[in-house]
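Enquirer: I'd like to ask you about the structure that follows.
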Amino acid sequence: MASGARFPSTRQIVGDYHVSPVTVSRALATLSAEGVLGTRPGSGTFVADRLPAAATSSLDTMWQTVALGDRAIDSGALQTYLDVSPRGALSLAGGYLHPSLMPIRALSIAAHRALSRSETWEAPDPRGLLGLRAWFAGHHGAGFGAGDVIICNGGQSAISATIRALVPPGATLIVEAPTYPGALAIARAAGIRIVPVPMDAEGMRADLLSDALELTGSRAIYLQPTHHNPTGTVMSTDRRREVLAVAGRGGAFVIEDDWARWLGYEGMNPPSLISMDGQGRVIYITSLTKPAAPSLRIGALVARGPVADRLRAIRMVDDLFVGRLTQETAFELVTSPGWSRHIVEVGRALRERRRVLVEALERYAPDLAVPQLPRGGMHMWVTLPEGADELAVAEAGRKHGVVVGAGRSFFATEPTSSHLRLSFGGAAHHDELGESVRRLEAAMKSIAGS
């Protein structure tokens, strides 16, 4: 059709091609987004004017190199876990549950109920829905209430707001070694120095934390004490007391990232740091995204004292509030009878997947050591043979049809040995886990033989 020509009506397209109006609407939306069609209010839809190819191919953007200056934002480590796997490849690098483990029906029912209420489209309290905040607060005991909770756009948003609220550019953030790459990316983007503190089987070493606080004067410590990502470590109760005591002596805040709160499947976890804190020192972060679905971007900050006011302010500056539809859907989900059942079922499924992955490693890749079995979450931290290059293994894995997470991205400085993070929550089924490990071993053999 020529530029400026009137496009046929939806009714005509439905009749000519025997498709539904919904299909036509989606096609028109796609064509409009691509700039092929344009709408003139009151007149209809028309074919858009086409620009000569030279108009776009000759675009000169070299000036942006000067204007942008030094690159401070590096999302590479996070992008690895969001990218779609190459065609035919299997992935052990994802950070979310496979759709078969998500409560899709319960989410659909919750969203339908949320949509049926007119107030869903009104602006919510900037802190979040009262009922949802009260639900999050109820997991920490009688001393907590809805006023202590701020709803955020997922856990990543909560971590970002907290780090930026507590640590000014040029100051220091103390983290575990290894730790979640998303926290490292946030700190680096904000111009914050990072000092890692090693871990042992009980969590971050309190003696080395004390040294780090004294050396740096840092006022913030980022921790994942329960089902640590990537190692799976659960910090012991005694170590939690020691860490809180060291933080108290150093005058530092503790950021407790409890990302896998609802993904435990073996044994009882120690009390959360915030429930052991009598000074308002701990800022607690959790999320519904991991146990429910990637697009349910609901996280929560729990904080007490003046720091809560600062967090509320920075959250409002960032994006005013979290969309009410998402909040209403989340509240309907977690207060439904099926939520508790889902948590039990997904825990059983993850425990079984852990068993399948361990057996596959023993059978196909005995050279990969598993220092510690996770008791929750969906990640397994494995150690490569001495001298192995984890980046080379990850690249060879892609060539053999399996995507894995190279351990280097979890360290703020040089790692002491080579690791891989293998995620078992995103596989379609047990056979896929076994085949993924088989491909990984083939990749390692190809390196050894080259």
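Here's how to read the names in the structure tokens: chain A, B, ... by the order shown, residue numbers from 1 in each chain, ligand numbers from 1 in the order shown.
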What are the DSSP strand (DSSP E) residues of region 228-400 of chain A, as a ChimeraX atom specification?

Expert: /A:253-257,282-287,299-302,379-383

Enquirer: List every residue of region 173-242 of chain A that DSSP, applied to the backbone of this structure, places in helix (DSSP H, G or I), and write the result as a PyMOL selection string.

Expert: chain A and resi 181-189+206-216+237-242

Enquirer: Tell me, as a ChimeraX atom specification, which residues lie within 8 Å of Phe411 (chain A), counting only C-alpha atoms; anything in the same chain fewer than 2 positions away does not count.

Expert: /A:177-179,181,196,407-409,413-415

Enquirer: Just checking: using only C-alpha atoms, which residue out of A:Leu90, A:Leu223, A:Ala330, A:Val344 ends up closest to Ile159 (chain A)?

Expert: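 Nearest candidate to Ile159 (chain A) out of A:Leu90, A:Leu223, A:Ala330, A:Val344: A:Leu223.
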
Enquirer: Might you pull out every residue within 9 Å of region 422-428 of chain A, with only C-alpha atoms counted and same-chain residues fewer than 6 positions away left off, and present them as a list of chain:residue names?

Expert: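 Skipping anything fewer than 6 positions along the chain leaves A:Leu90, A:Ser91, A:Leu92, A:Ala93, A:Gly94, A:Gly95, A:Tyr96, A:Leu97, A:His98, A:Pro99, A:Ser100, A:Leu101, A:Pro230, A:Ala349, A:Leu350, A:Arg353, A:Arg354, A:Leu357, A:Gly377, A:Met378, A:His379, A:Met380, A:Trp381, A:Val382, A:Val404, A:Gly405.
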